[in-house]
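Asker: Have a look at this one before I ask anything.
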Amino acid sequence: MAARIIYNPTAGNGRAVHVLESVKPFLEKFDVEIVETQGPGHATQLAQEVADIEDMTVVSLGGDGTHHEVINGLMPSGKAIFSVIPAGTGNDFVRMLRYPKALDQMVDTALRGPHQWFDLGHIDGQYFLTVAGAGFDAEVAGWVNQRKKQGNGTWVFIRGILYNAFGYRPQPMTVTLQEATRSQNTFMIAIGNTQYYAGGMKICPEANPHDGEFQVVWIEGISPWQVFPLLARVFRGSHVSRKVVKTFPAASLTLEGPKALWVHADGELIGHLPVTVKTVPKAIRVRVGSMEQDAP
Ligand SMILES: Nc1ncnc2c1ncn2[C@@H]1O[C@H](COP(=O)(O)OP(=O)(O)OP(=O)(O)O)[C@@H](O)[C@H]1O
C-alpha cells in the first residue's frame, strides 16, 4: 500500500509546517511520499498524477481549501482513496470522519483506516466536499480568504462576520428544484453535502454525505441585528427552527440572482451566480475512523 501526502505549507496560516513535523515520526513505517504544493491549484495537479493508481491513498495535509483542490484532481474517475491530515484554519471536513484525537492513531487512520464511499457536490465544473452557497457567507469567505488569516478555528470567521454584517444587503435569489421555482429576498443560501463550515458552524445540521442529497438551508432577508442571534444558534444547528430559515433536501438545484454575487464551495470563491448544483452519489472513497454512517 502506498500513499502520497499533498502538503500545503501555507495552510492554517503556516500551521501546516508544524503539523508535518509532528506527524513525520509516525509516517516512518509507511510507504509514503510527501509532495509540497508550490501555489494555488498545484494540489489538484499533484493529485491528478496518482489518481488512477488503484489503492493509492492520497492524503491532503492542509485545510478545506487544499482538500477541495485534491478531490478535484482525483475526480471524476480516480481510483485512489482520499484522506486528510487536518492543518488548516477551519478544518470542517475532518469533523465528519470520526478520526481519533491522538496524533499517532490519527495518522494511522489517515493512511490505513477503513474506507467509505462519500457523496460529493458538483458546481460550475468543480467538485466540493462540504458546503457551497451564495450570499452573506460567500462574502465572508471572500473577506477571510483575502486577508492573512490570524489564529485558527472559528475566531477568524467570526471577525469576518462582524466586519461584514452591517454592510451586507440581502439580495433577491431564485431556486429551481424539479421545475418548481421560488424566489425570495435572501440573506444567504447554503447547500450542504456535510454539516459544518467556517470552523465548526453547524450550518446544515441534517446534511449526510452518504444519502445522495444535499440539505439546503435558505435564510430570508434579515436585518443586521437579526444576524447575531441567528449566528449564535448556528453553532448548535438550532437556527433551522427559526421562521426565517427554510430547509429542504435536494439532489439538484439551480440558483439564480444578481450576477455580481459570489458563489463559494468548500469556503473557496469559485465564480458568480447563476449556478447549477448537483450531488454525485458515492463519488469518492474516504478513509474514516469508524464505519458508522451518522455524523459525529
Ligand atoms: N504553496 C502555496 N503557496 C501559497 N498558497 C498556496 C500554496 N499551496 C496552496 N495554496 C493555497 O492556500 C489556500 C489556503 O489553503 P487551505 O484552505 O488548505 O488552508 P486554510 O484556509 O488555512 O484552511 P481552511 O480552508 O480549513 O479554513 C488555498 O486556497 C490554496 O490554493
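Each chain of the C-alpha cells is named A, B, ... in the order shown, its residues numbered from 1; ligands are numbered from 1 in display order.
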Write as number ranges by chain the residues around ligand 1, taking 10 Å as the cut-off and counting only C-alpha atoms and all ligand atoms.

Answerer: A: 6-16, 36-44, 60-70, 86-94, 141, 144-146, 148-154, 156-157, 197-199, 266-269

Asker: Please give the complete set of residues from stretch 37-242 of chain A that DSSP, run on the backbone, assigns to strand (DSSP E), formatted as a ChimeraX atom specification.

Answerer: /A:57-62,81-86,115-123,126-128,131-135,171-177,180-192,214-220

Asker: What's around A:Ile81 at 12 Å? Count only C-alpha atoms, leave out sequence neighbours fewer than 3 positions away in its own chain, and write the answer as an MDAnalysis selection string.

Answerer: chainID A and resid 1:5 47 50:60 70:71 74:75 77:78 84 110:118 283:288

Asker: Give me, please, the distance in Å between atom CA of A:Thr109 and atom CA of A:Ile34, quoted to one decimal.

Answerer: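 Between atom CA of A:Thr109 and atom CA of A:Ile34 the gap is 17.1 Å.
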
Asker: Restricting the calculation to only C-alpha atoms, which member of A:Arg182, A:His210, A:Lys282, A:His122 is positioned closest to A:Ile270?

Answerer: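 Of all the options, A:His122 lies closest to A:Ile270.
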